[in-house]
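A short worksheet on the structure shown next.
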Amino acid sequence: MAGTVLCLLAVVSLQVMMAAAATSSRPPAMFVFGDSTLDVGNNNYLPGPDVPRANKPYYGIDFPGSVATGRFSNGYNIADYLAKSMGFPCSPPPHLSLTPSTGRLVQAAVSSGVSYASGGAGILDSTNGGNNIPLSKQVHYFKSTKSQMVAKLGSRATNLLLAKSVFLFSVGSNDLFVFAVAEQNKSAASQQRDAAALYPRLISGYSAAIQALHALGARKFAVINVGLLGCVPAARLHDAGGACSGELNELASGLDDAIASMFGTLATRLPGFAYSLADYYGLSSATFADPQAVGYADIAGACCGGGRLGAEAPCAPNATVCADRDRHAFWDDVHPSQRGAMLAAQNFYDSRPGRYTAPVNFRQLAQTGL
């Protein structure tokens, strides 16, 4: 895809790439897992009319060349800005753009990494089933990628590269969105019981993915927790006054607590395990409490869409698009604007540990062991 081409590194030999990675001050690669907040085009390659895709205007209107690359953004997304912070041109390319060419896949994995993230994906295979690459399959794809790397580079070189690389995660939001829709006609007590049963399933699946990647050689995990889901335009639409959904925010907060506990436990059990957990929920809360501090004029509506809050119609070629996109927190009915992605990445990468990241920030994690 055009967006992938714009971000690819210069084509050089694998040997040169490996030598450069060994002496570089940046991680050799970044491998990306999760949902549409990080997807850079994998869904473009999935068949089916119900697959969520961002490969048409006005997506990408502020991307170089105004190309709709498959990013659910008006430009770059969080993965791009984190990659830029680490010294890469932008996010690594989508896995499905590199297959079935073993040569291209291995070259990307060595030079920049690979993105397996997929719009609509969840921790559970059943979340939006059949219309995305669920987390378990993303891990399966990485396992295949590693096998091909080993065949080209050998086990020792591959494991060394993976141990120094960053594994970026943002997943769980779609599981909660799907759960909330299914529960909307139930009593509050029933919803609480069902949520209490849901969290262990999500944590079990998330933990299994992390442990599988660790067994394959991953050591450095940069993790973004679930944000303020009840305050996205699509959620606000259900309130006559456009207020946030307290129920969705409570669901997100509960899962975030469980995720934090999970990573703390894994850090004590897995050898060489290092992580940074970014608090997207906390950052969003602080931003929405004082939007003018970061230059936002609108934190409730979608920049691209239609109807009330811009959330009653999709971001499509016939949509209404705001002119002051950098002053909107949201690009469409769910996803952050390019500026929102940039601000999130800056905070996760450079903020003082303990503010929006713990136990270290993403920069400290990325530079560990280099």
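In the structure tokens, chains take letters A, B, ... by order of appearance, with residues numbered from 1 within each chain and ligands from 1 in the order shown.
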Item to check | 10 Å contact set for Leu283 (chain A), only C-alpha atoms, chain neighbours under 6 positions out, as a list in words | outcome: Gly227, Leu228, Ala289, Leu343, Ala344, Asn347, Phe348, Arg355, Tyr356 and Thr357 of chain A
Using C-alpha atoms, can you export the residues from the last selection as a CSV table (one decimal), in the first residue's frame?
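Result went into again.csv, see below:
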```
chain,number,residue,atom,x,y,z
A,227,GLY,CA,-8.8,4.5,27.5
A,228,LEU,CA,-11.9,6.5,28.6
A,289,ALA,CA,-10.8,17.9,32.5
A,343,LEU,CA,0.1,13.9,22.5
A,344,ALA,CA,-0.5,10.4,23.8
A,347,ASN,CA,3.3,11.4,27.2
A,348,PHE,CA,3.9,7.7,27.2
A,355,ARG,CA,2.5,10.1,36.0
A,356,TYR,CA,1.2,8.2,32.9
A,357,THR,CA,3.6,5.3,32.8
```
Item to check | strand (DSSP E or B) per DSSP on the backbone: members of region 103-235 of chain A, as a PyMOL selection string | outcome: chain A and resi 113-115+166-170+220-224
Let's have the selection written as a PDB file, in the first residue's frame, with N, CA, C and O atoms.
```
ATOM      1  N   GLY A 113      10.629  -3.896  12.140  1.00  0.00           N
ATOM      2  CA  GLY A 113       9.616  -4.656  12.844  1.00  0.00           C
ATOM      3  C   GLY A 113       8.422  -4.919  11.956  1.00  0.00           C
ATOM      4  O   GLY A 113       8.444  -4.652  10.747  1.00  0.00           O
ATOM      5  N   VAL A 114       7.364  -5.418  12.548  1.00  0.00           N
ATOM      6  CA  VAL A 114       6.152  -5.773  11.813  1.00  0.00           C
ATOM      7  C   VAL A 114       4.950  -5.414  12.682  1.00  0.00           C
ATOM      8  O   VAL A 114       4.985  -5.574  13.905  1.00  0.00           O
ATOM      9  N   SER A 115       3.884  -4.932  12.053  1.00  0.00           N
ATOM     10  CA  SER A 115       2.647  -4.664  12.776  1.00  0.00           C
ATOM     11  C   SER A 115       1.622  -5.741  12.466  1.00  0.00           C
ATOM     12  O   SER A 115       1.318  -6.012  11.303  1.00  0.00           O
ATOM     13  N   VAL A 166      11.126  -3.805  20.934  1.00  0.00           N
ATOM     14  CA  VAL A 166       9.974  -3.405  21.737  1.00  0.00           C
ATOM     15  C   VAL A 166       8.721  -4.067  21.171  1.00  0.00           C
ATOM     16  O   VAL A 166       8.499  -4.065  19.955  1.00  0.00           O
ATOM     17  N   PHE A 167       7.907  -4.619  22.060  1.00  0.00           N
ATOM     18  CA  PHE A 167       6.642  -5.242  21.678  1.00  0.00           C
ATOM     19  C   PHE A 167       5.519  -4.353  22.212  1.00  0.00           C
ATOM     20  O   PHE A 167       5.312  -4.246  23.420  1.00  0.00           O
ATOM     21  N   LEU A 168       4.838  -3.681  21.301  1.00  0.00           N
ATOM     22  CA  LEU A 168       3.826  -2.680  21.642  1.00  0.00           C
ATOM     23  C   LEU A 168       2.425  -3.274  21.600  1.00  0.00           C
ATOM     24  O   LEU A 168       2.069  -3.959  20.633  1.00  0.00           O
ATOM     25  N   PHE A 169       1.638  -2.982  22.622  1.00  0.00           N
ATOM     26  CA  PHE A 169       0.279  -3.518  22.745  1.00  0.00           C
ATOM     27  C   PHE A 169      -0.736  -2.421  23.032  1.00  0.00           C
ATOM     28  O   PHE A 169      -0.491  -1.522  23.833  1.00  0.00           O
ATOM     29  N   SER A 170      -1.898  -2.529  22.396  1.00  0.00           N
ATOM     30  CA  SER A 170      -3.081  -1.761  22.771  1.00  0.00           C
ATOM     31  C   SER A 170      -4.294  -2.589  22.355  1.00  0.00           C
ATOM     32  O   SER A 170      -4.628  -2.667  21.174  1.00  0.00           O
ATOM     33  N   LYS A 220      10.728  -7.020  26.086  1.00  0.00           N
ATOM     34  CA  LYS A 220      10.373  -5.641  26.428  1.00  0.00           C
ATOM     35  C   LYS A 220       8.968  -5.320  25.904  1.00  0.00           C
ATOM     36  O   LYS A 220       8.746  -5.256  24.692  1.00  0.00           O
ATOM     37  N   PHE A 221       8.038  -5.124  26.829  1.00  0.00           N
ATOM     38  CA  PHE A 221       6.635  -4.925  26.478  1.00  0.00           C
ATOM     39  C   PHE A 221       6.186  -3.503  26.825  1.00  0.00           C
ATOM     40  O   PHE A 221       6.199  -3.102  27.988  1.00  0.00           O
ATOM     41  N   ALA A 222       5.785  -2.747  25.810  1.00  0.00           N
ATOM     42  CA  ALA A 222       5.209  -1.412  25.974  1.00  0.00           C
ATOM     43  C   ALA A 222       3.705  -1.558  25.813  1.00  0.00           C
ATOM     44  O   ALA A 222       3.217  -1.906  24.733  1.00  0.00           O
ATOM     45  N   VAL A 223       2.973  -1.300  26.870  1.00  0.00           N
ATOM     46  CA  VAL A 223       1.548  -1.630  26.911  1.00  0.00           C
ATOM     47  C   VAL A 223       0.710  -0.385  27.187  1.00  0.00           C
ATOM     48  O   VAL A 223       0.978   0.347  28.141  1.00  0.00           O
ATOM     49  N   ILE A 224      -0.288  -0.164  26.355  1.00  0.00           N
ATOM     50  CA  ILE A 224      -1.218   0.951  26.537  1.00  0.00           C
ATOM     51  C   ILE A 224      -2.528   0.384  27.080  1.00  0.00           C
ATOM     52  O   ILE A 224      -3.115  -0.518  26.471  1.00  0.00           O
TER      53      ILE A 224
END
```
Residues within 12 Å of Asp175 (chain A), please, as a short mmCIF file (atom, residue, chain, number, x, y, z; two decimals) with all heavy atoms, in the first residue's frame. Count only C-alpha atoms; anything in the same chain fewer than 6 positions from it doesn't count.
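Result saved to part.cif:
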```cif
data_model
loop_
_atom_site.label_atom_id
_atom_site.label_comp_id
_atom_site.auth_asym_id
_atom_site.auth_seq_id
_atom_site.Cartn_x
_atom_site.Cartn_y
_atom_site.Cartn_z
N GLY A 34 -2.54 -5.51 18.53
CA GLY A 34 -3.69 -4.83 19.09
C GLY A 34 -4.78 -4.53 18.08
O GLY A 34 -5.04 -5.31 17.16
N ASP A 35 -5.38 -3.34 18.23
CA ASP A 35 -6.60 -3.01 17.50
C ASP A 35 -6.41 -1.78 16.61
O ASP A 35 -5.28 -1.45 16.23
CB ASP A 35 -7.76 -2.83 18.49
CG ASP A 35 -7.44 -1.81 19.58
OD1 ASP A 35 -6.68 -0.85 19.31
OD2 ASP A 35 -7.96 -1.95 20.71
N GLY A 120 -10.79 -3.53 15.02
CA GLY A 120 -11.89 -4.38 15.47
C GLY A 120 -11.46 -5.56 16.30
O GLY A 120 -12.31 -6.27 16.86
N ALA A 121 -10.15 -5.80 16.40
CA ALA A 121 -9.66 -6.99 17.10
C ALA A 121 -9.83 -6.85 18.60
O ALA A 121 -9.81 -5.76 19.16
CB ALA A 121 -8.18 -7.23 16.77
N GLY A 122 -9.97 -7.99 19.25
CA GLY A 122 -10.05 -8.03 20.69
C GLY A 122 -9.14 -9.08 21.25
O GLY A 122 -8.43 -9.79 20.52
N ILE A 123 -9.16 -9.19 22.57
CA ILE A 123 -8.43 -10.26 23.24
C ILE A 123 -9.11 -11.59 22.97
O ILE A 123 -8.45 -12.61 22.74
CB ILE A 123 -8.37 -9.98 24.75
CG1 ILE A 123 -7.61 -8.67 25.03
CG2 ILE A 123 -7.71 -11.14 25.49
CD1 ILE A 123 -7.72 -8.18 26.46
N LEU A 124 -10.43 -11.57 22.97
CA LEU A 124 -11.20 -12.79 22.70
C LEU A 124 -11.35 -13.00 21.20
O LEU A 124 -11.61 -12.05 20.45
CB LEU A 124 -12.59 -12.68 23.34
CG LEU A 124 -12.65 -12.44 24.85
CD1 LEU A 124 -14.10 -12.33 25.30
CD2 LEU A 124 -11.92 -13.55 25.61
N ASP A 125 -11.23 -14.24 20.77
CA ASP A 125 -11.41 -14.55 19.35
C ASP A 125 -12.81 -14.20 18.88
O ASP A 125 -13.02 -13.87 17.70
CB ASP A 125 -11.16 -16.04 19.10
CG ASP A 125 -9.69 -16.42 19.20
OD1 ASP A 125 -8.85 -15.53 19.44
OD2 ASP A 125 -9.38 -17.62 19.03
N SER A 126 -13.78 -14.26 19.77
CA SER A 126 -15.17 -14.02 19.40
C SER A 126 -15.51 -12.55 19.20
O SER A 126 -16.55 -12.23 18.61
CB SER A 126 -16.10 -14.60 20.48
OG SER A 126 -15.83 -14.00 21.75
N THR A 127 -14.66 -11.65 19.65
CA THR A 127 -14.94 -10.22 19.53
C THR A 127 -14.91 -9.80 18.07
O THR A 127 -13.87 -9.89 17.42
CB THR A 127 -13.94 -9.40 20.35
OG1 THR A 127 -14.13 -9.69 21.74
CG2 THR A 127 -14.14 -7.91 20.13
N ASN A 128 -16.05 -9.35 17.56
CA ASN A 128 -16.18 -9.00 16.14
C ASN A 128 -15.64 -10.12 15.26
O ASN A 128 -14.95 -9.88 14.26
CB ASN A 128 -15.45 -7.69 15.83
CG ASN A 128 -15.99 -6.52 16.64
OD1 ASN A 128 -17.21 -6.37 16.78
ND2 ASN A 128 -15.11 -5.71 17.19
N GLY A 129 -15.94 -11.35 15.67
CA GLY A 129 -15.36 -12.54 15.04
C GLY A 129 -15.52 -12.59 13.53
O GLY A 129 -16.57 -12.27 12.98
N PRO A 134 -7.76 -11.54 15.42
CA PRO A 134 -7.78 -11.50 16.88
C PRO A 134 -6.37 -11.64 17.47
O PRO A 134 -5.44 -12.07 16.78
CB PRO A 134 -8.67 -12.67 17.26
CG PRO A 134 -8.58 -13.60 16.10
CD PRO A 134 -8.41 -12.74 14.89
N LEU A 135 -6.24 -11.28 18.73
CA LEU A 135 -4.92 -11.28 19.37
C LEU A 135 -4.22 -12.62 19.25
O LEU A 135 -3.02 -12.68 18.97
CB LEU A 135 -5.05 -10.87 20.84
CG LEU A 135 -3.75 -10.76 21.62
CD1 LEU A 135 -2.80 -9.76 20.99
CD2 LEU A 135 -4.03 -10.38 23.08
N VAL A 181 -22.69 -3.58 24.45
CA VAL A 181 -23.85 -3.67 23.57
C VAL A 181 -24.73 -4.85 23.96
O VAL A 181 -25.96 -4.75 24.02
CB VAL A 181 -23.41 -3.78 22.09
CG1 VAL A 181 -24.61 -4.12 21.20
CG2 VAL A 181 -22.76 -2.49 21.63
N ALA A 182 -24.10 -5.97 24.26
CA ALA A 182 -24.85 -7.18 24.62
C ALA A 182 -25.57 -7.03 25.96
O ALA A 182 -26.59 -7.68 26.21
CB ALA A 182 -23.91 -8.38 24.66
N ALA A 195 -19.78 -8.59 34.15
CA ALA A 195 -18.46 -7.96 34.03
C ALA A 195 -17.44 -8.67 34.90
O ALA A 195 -16.29 -8.88 34.48
CB ALA A 195 -18.55 -6.48 34.41
N LEU A 198 -16.39 -11.54 33.02
CA LEU A 198 -15.66 -11.21 31.79
C LEU A 198 -14.19 -10.94 32.04
O LEU A 198 -13.33 -11.42 31.28
CB LEU A 198 -16.29 -9.99 31.12
CG LEU A 198 -15.56 -9.43 29.89
CD1 LEU A 198 -15.64 -10.43 28.73
CD2 LEU A 198 -16.14 -8.07 29.49
N TYR A 199 -13.87 -10.19 33.08
CA TYR A 199 -12.48 -9.79 33.32
C TYR A 199 -11.52 -10.98 33.38
O TYR A 199 -10.45 -10.93 32.75
CB TYR A 199 -12.38 -8.97 34.61
CG TYR A 199 -13.02 -7.59 34.54
CD1 TYR A 199 -13.57 -7.02 35.68
CD2 TYR A 199 -13.06 -6.87 33.36
CE1 TYR A 199 -14.15 -5.75 35.64
CE2 TYR A 199 -13.65 -5.61 33.31
CZ TYR A 199 -14.21 -5.06 34.45
OH TYR A 199 -14.78 -3.81 34.41
N ARG A 201 -11.69 -13.83 31.92
CA ARG A 201 -11.52 -14.36 30.57
C ARG A 201 -10.57 -13.49 29.76
O ARG A 201 -9.70 -13.99 29.03
CB ARG A 201 -12.87 -14.45 29.85
CG ARG A 201 -13.84 -15.47 30.43
CD ARG A 201 -15.18 -15.42 29.69
NE ARG A 201 -15.00 -15.70 28.27
CZ ARG A 201 -15.78 -15.22 27.30
NH1 ARG A 201 -16.78 -14.37 27.61
NH2 ARG A 201 -15.57 -15.53 26.04
N LEU A 202 -10.75 -12.18 29.88
CA LEU A 202 -9.88 -11.27 29.14
C LEU A 202 -8.44 -11.35 29.64
O LEU A 202 -7.49 -11.39 28.84
CB LEU A 202 -10.40 -9.83 29.27
CG LEU A 202 -11.77 -9.55 28.63
CD1 LEU A 202 -12.19 -8.10 28.88
CD2 LEU A 202 -11.73 -9.84 27.14
N ILE A 203 -8.26 -11.38 30.94
CA ILE A 203 -6.91 -11.45 31.49
C ILE A 203 -6.25 -12.78 31.14
O ILE A 203 -5.04 -12.83 30.86
CB ILE A 203 -6.94 -11.24 33.02
CG1 ILE A 203 -7.37 -9.79 33.33
CG2 ILE A 203 -5.59 -11.53 33.65
CD1 ILE A 203 -6.49 -8.73 32.71
N GLY A 205 -6.73 -14.55 28.40
CA GLY A 205 -6.30 -14.46 27.02
C GLY A 205 -5.13 -13.53 26.82
O GLY A 205 -4.19 -13.83 26.06
N TYR A 206 -5.16 -12.40 27.52
CA TYR A 206 -4.06 -11.42 27.42
C TYR A 206 -2.77 -12.02 27.96
O TYR A 206 -1.70 -11.94 27.33
CB TYR A 206 -4.44 -10.18 28.21
CG TYR A 206 -3.83 -8.87 27.72
CD1 TYR A 206 -4.44 -7.65 28.04
CD2 TYR A 206 -2.67 -8.84 26.97
CE1 TYR A 206 -3.91 -6.44 27.61
CE2 TYR A 206 -2.13 -7.64 26.54
CZ TYR A 206 -2.75 -6.43 26.87
OH TYR A 206 -2.22 -5.25 26.44
N VAL A 226 -6.61 0.47 28.46
CA VAL A 226 -7.85 0.89 27.81
C VAL A 226 -8.20 2.31 28.24
O VAL A 226 -8.17 2.64 29.43
CB VAL A 226 -8.99 -0.08 28.16
CG1 VAL A 226 -10.30 0.38 27.56
CG2 VAL A 226 -8.64 -1.49 27.67
N LEU A 229 -13.32 4.95 27.43
CA LEU A 229 -14.22 4.50 26.36
C LEU A 229 -15.57 5.20 26.38
O LEU A 229 -16.18 5.42 25.33
CB LEU A 229 -14.45 2.98 26.46
CG LEU A 229 -13.23 2.08 26.32
CD1 LEU A 229 -13.69 0.63 26.25
CD2 LEU A 229 -12.42 2.44 25.09
N LEU A 248 -19.54 2.54 30.67
CA LEU A 248 -18.40 2.14 29.85
C LEU A 248 -17.08 2.51 30.52
O LEU A 248 -16.11 1.75 30.48
CB LEU A 248 -18.49 2.78 28.47
CG LEU A 248 -18.99 1.91 27.31
CD1 LEU A 248 -19.08 2.73 26.03
CD2 LEU A 248 -18.09 0.71 27.11
N LEU A 251 -16.33 0.02 33.18
CA LEU A 251 -15.84 -1.22 32.59
C LEU A 251 -14.35 -1.09 32.25
O LEU A 251 -13.56 -2.00 32.53
CB LEU A 251 -16.62 -1.54 31.31
CG LEU A 251 -17.90 -2.35 31.42
CD1 LEU A 251 -18.55 -2.47 30.04
CD2 LEU A 251 -17.63 -3.73 32.00
N ALA A 252 -14.00 0.02 31.62
CA ALA A 252 -12.61 0.23 31.23
C ALA A 252 -11.70 0.31 32.45
O ALA A 252 -10.61 -0.29 32.47
CB ALA A 252 -12.49 1.50 30.39
N LEU A 255 -11.09 -3.16 33.92
CA LEU A 255 -10.15 -3.97 33.14
C LEU A 255 -8.73 -3.43 33.30
O LEU A 255 -7.77 -4.22 33.40
CB LEU A 255 -10.55 -3.97 31.66
CG LEU A 255 -9.63 -4.77 30.74
CD1 LEU A 255 -9.51 -6.22 31.19
CD2 LEU A 255 -10.13 -4.71 29.29
#
```
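Between Asp324 (chain A) and the residues A:Gly217, A:Ser118, A:Met342, A:Ala297, the shortest atom-to-atom distance, using only C-alpha atoms, involves A:Ala297.
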Item to check | Test item, alpha helix (DSSP H) assignment across region 109-281 of chain A, answer as a PyMOL selection string | outcome: chain A and resi 109-111+135-153+155-164+173-183+188-215+233-236+246-269+280-281
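If only C-alpha atoms are the atoms counted, then among A:Pro359, A:Gly119, A:Pro94, A:Gly369 the closest residue to Asn132 (chain A) is A:Gly119.
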Checklist entry - What lies within 7 Å of Val334 (chain A) using only C-alpha atoms, ignoring chain neighbours under 5 positions off, as a PyMOL selection string? => result chain A and resi 232-234
Only C-alpha atoms, please: the residues just picked out, written as a PDB file, in the first residue's frame.
```
ATOM      1  CA  VAL A 232     -15.767   8.694  22.663  1.00  0.00           C
ATOM      2  CA  PRO A 233     -18.383  10.344  20.420  1.00  0.00           C
ATOM      3  CA  ALA A 234     -20.121   7.037  19.675  1.00  0.00           C
TER       4      ALA A 234
END
```
What are the closest atom pairs, with distances in Å to one decimal, for all residues of region 272-321 of chain A lying within 10 Å of region 49-57 of chain A? Consider only C-alpha atoms, order rows by chain and residue number, and present the result as JSON lines.
```
{"residue": "A:Cys304", "atom": "CA", "partner": "A:Pro57", "partner_atom": "CA", "distance": 9.9}
{"residue": "A:Cys315", "atom": "CA", "partner": "A:Pro57", "partner_atom": "CA", "distance": 7.8}
{"residue": "A:Ala316", "atom": "CA", "partner": "A:Pro57", "partner_atom": "CA", "distance": 5.9}
{"residue": "A:Pro317", "atom": "CA", "partner": "A:Pro57", "partner_atom": "CA", "distance": 5.1}
{"residue": "A:Asn318", "atom": "CA", "partner": "A:Pro57", "partner_atom": "CA", "distance": 8.7}
{"residue": "A:Ala319", "atom": "CA", "partner": "A:Pro57", "partner_atom": "CA", "distance": 9.0}
```
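Picture a line from CA of Leu160 (chain A) to CA of Ala278 (chain A); it runs 25.5 Å.
Note that CA of Asp326 (chain A) and CA of Arg339 (chain A) are 5.6 Å apart.
Note that CA of Ser187 (chain A) and CA of Asn131 (chain A) are 29.8 Å apart.
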Checklist entry - Using only C-alpha atoms, which of A:Gly301, A:Gly130, A:Pro28, A:Gly282 sits nearest Asn159 (chain A)? => result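 With only C-alpha atoms as the atom set, the closest residue is A:Pro28.
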Checklist entry - Quick one: residues within 6 Å of Asn77 (chain A), only C-alpha atoms counted, chain neighbours fewer than 3 positions away excluded, as an MDAnalysis selection string? => result chainID A and resid 80 338 341
Item to check | Option closest in space to Phe273 (chain A), from A:Ala188, A:Ala109, A:Ala311, A:Ala218 [counting only C-alpha atoms] | outcome: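 Closest to Phe273 (chain A) of all the choices is A:Ala218.
The residue that comes closest to Leu82 (chain A), out of A:Arg325, A:Lys137, A:His238, A:Arg363 and on the basis of only C-alpha atoms, is A:Arg363.
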What's around Ala243 (chain A) at 10 Å? Count only C-alpha atoms, leave out sequence neighbours fewer than 3 positions away in its own chain, and write the answer as an mmCIF file with all heavy atoms, in the first residue's frame.
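File produced: selection_31.cif:
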```cif
data_model
loop_
_atom_site.group_PDB
_atom_site.id
_atom_site.type_symbol
_atom_site.label_atom_id
_atom_site.label_comp_id
_atom_site.auth_asym_id
_atom_site.auth_seq_id
_atom_site.Cartn_x
_atom_site.Cartn_y
_atom_site.Cartn_z
ATOM 1 N N GLY A 230 -16.059 5.530 27.553
ATOM 2 C CA GLY A 230 -17.367 6.145 27.656
ATOM 3 C C GLY A 230 -17.422 7.574 27.150
ATOM 4 O O GLY A 230 -18.516 8.164 27.064
ATOM 5 N N CYS A 231 -16.275 8.147 26.800
ATOM 6 C CA CYS A 231 -16.238 9.537 26.353
ATOM 7 C C CYS A 231 -15.962 9.681 24.860
ATOM 8 O O CYS A 231 -15.819 10.806 24.368
ATOM 9 C CB CYS A 231 -15.190 10.317 27.149
ATOM 10 S SG CYS A 231 -15.624 10.511 28.897
ATOM 11 N N VAL A 232 -15.900 8.583 24.117
ATOM 12 C CA VAL A 232 -15.767 8.694 22.663
ATOM 13 C C VAL A 232 -17.111 9.159 22.102
ATOM 14 O O VAL A 232 -18.169 8.932 22.712
ATOM 15 C CB VAL A 232 -15.330 7.358 22.021
ATOM 16 C CG1 VAL A 232 -14.012 6.883 22.631
ATOM 17 C CG2 VAL A 232 -16.409 6.294 22.155
ATOM 18 N N PRO A 233 -17.119 9.826 20.965
ATOM 19 C CA PRO A 233 -18.383 10.344 20.420
ATOM 20 C C PRO A 233 -19.477 9.296 20.270
ATOM 21 O O PRO A 233 -20.654 9.570 20.543
ATOM 22 C CB PRO A 233 -17.959 10.914 19.060
ATOM 23 C CG PRO A 233 -16.540 11.323 19.265
ATOM 24 C CD PRO A 233 -15.960 10.278 20.178
ATOM 25 N N ALA A 235 -20.103 6.777 22.094
ATOM 26 C CA ALA A 235 -20.706 6.493 23.402
ATOM 27 C C ALA A 235 -21.525 7.681 23.890
ATOM 28 O O ALA A 235 -22.607 7.511 24.460
ATOM 29 C CB ALA A 235 -19.616 6.148 24.412
ATOM 30 N N ARG A 236 -21.026 8.886 23.673
ATOM 31 C CA ARG A 236 -21.745 10.082 24.095
ATOM 32 C C ARG A 236 -23.087 10.219 23.369
ATOM 33 O O ARG A 236 -24.030 10.825 23.879
ATOM 34 C CB ARG A 236 -20.903 11.326 23.810
ATOM 35 C CG ARG A 236 -19.673 11.503 24.702
ATOM 36 C CD ARG A 236 -18.919 12.736 24.256
ATOM 37 N NE ARG A 236 -17.691 12.980 24.990
ATOM 38 C CZ ARG A 236 -17.583 13.803 26.045
ATOM 39 N NH1 ARG A 236 -18.659 14.408 26.504
ATOM 40 N NH2 ARG A 236 -16.421 13.989 26.632
ATOM 41 N N LEU A 237 -23.162 9.674 22.184
ATOM 42 C CA LEU A 237 -24.362 9.788 21.361
ATOM 43 C C LEU A 237 -25.596 9.222 22.051
ATOM 44 O O LEU A 237 -26.724 9.645 21.782
ATOM 45 C CB LEU A 237 -24.121 9.064 20.035
ATOM 46 C CG LEU A 237 -25.108 9.289 18.886
ATOM 47 C CD1 LEU A 237 -25.133 10.756 18.490
ATOM 48 C CD2 LEU A 237 -24.724 8.424 17.685
ATOM 49 N N HIS A 238 -25.388 8.269 22.960
ATOM 50 C CA HIS A 238 -26.512 7.616 23.631
ATOM 51 C C HIS A 238 -27.085 8.444 24.776
ATOM 52 O O HIS A 238 -28.103 8.077 25.362
ATOM 53 C CB HIS A 238 -26.081 6.239 24.144
ATOM 54 C CG HIS A 238 -25.686 5.304 23.041
ATOM 55 N ND1 HIS A 238 -26.590 4.771 22.164
ATOM 56 C CD2 HIS A 238 -24.469 4.826 22.660
ATOM 57 C CE1 HIS A 238 -25.971 3.987 21.292
ATOM 58 N NE2 HIS A 238 -24.682 4.014 21.562
ATOM 59 N N ASP A 239 -26.426 9.569 25.095
ATOM 60 C CA ASP A 239 -26.935 10.458 26.129
ATOM 61 C C ASP A 239 -27.496 11.713 25.470
ATOM 62 O O ASP A 239 -26.855 12.308 24.593
ATOM 63 C CB ASP A 239 -25.806 10.840 27.095
ATOM 64 C CG ASP A 239 -26.295 11.734 28.213
ATOM 65 O OD1 ASP A 239 -26.819 11.201 29.209
ATOM 66 O OD2 ASP A 239 -26.161 12.975 28.075
ATOM 67 N N ALA A 240 -28.686 12.110 25.879
ATOM 68 C CA ALA A 240 -29.351 13.254 25.254
ATOM 69 C C ALA A 240 -28.517 14.521 25.343
ATOM 70 O O ALA A 240 -28.556 15.374 24.446
ATOM 71 C CB ALA A 240 -30.710 13.484 25.905
ATOM 72 N N GLY A 246 -20.911 6.597 31.962
ATOM 73 C CA GLY A 246 -20.254 6.156 33.182
ATOM 74 C C GLY A 246 -20.068 4.657 33.217
ATOM 75 O O GLY A 246 -19.057 4.154 33.734
ATOM 76 N N ALA A 300 -15.763 16.304 22.415
ATOM 77 C CA ALA A 300 -16.956 15.453 22.427
ATOM 78 C C ALA A 300 -17.342 14.935 21.057
ATOM 79 O O ALA A 300 -17.864 13.823 20.941
ATOM 80 C CB ALA A 300 -18.140 16.219 23.026
#
```
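Residues surrounding Ser147 (chain A) within 12 Å are Thr102, Leu105, Val106, Ala109, His140, Tyr141, Phe142, Lys143, Ser144, Val150, Ala151, Lys152, Leu153, Gly154, Ser155, Thr158, Asn159, Leu216 and Gly217 of chain A [only C-alpha atoms; sequence separation below 3 positions excluded].
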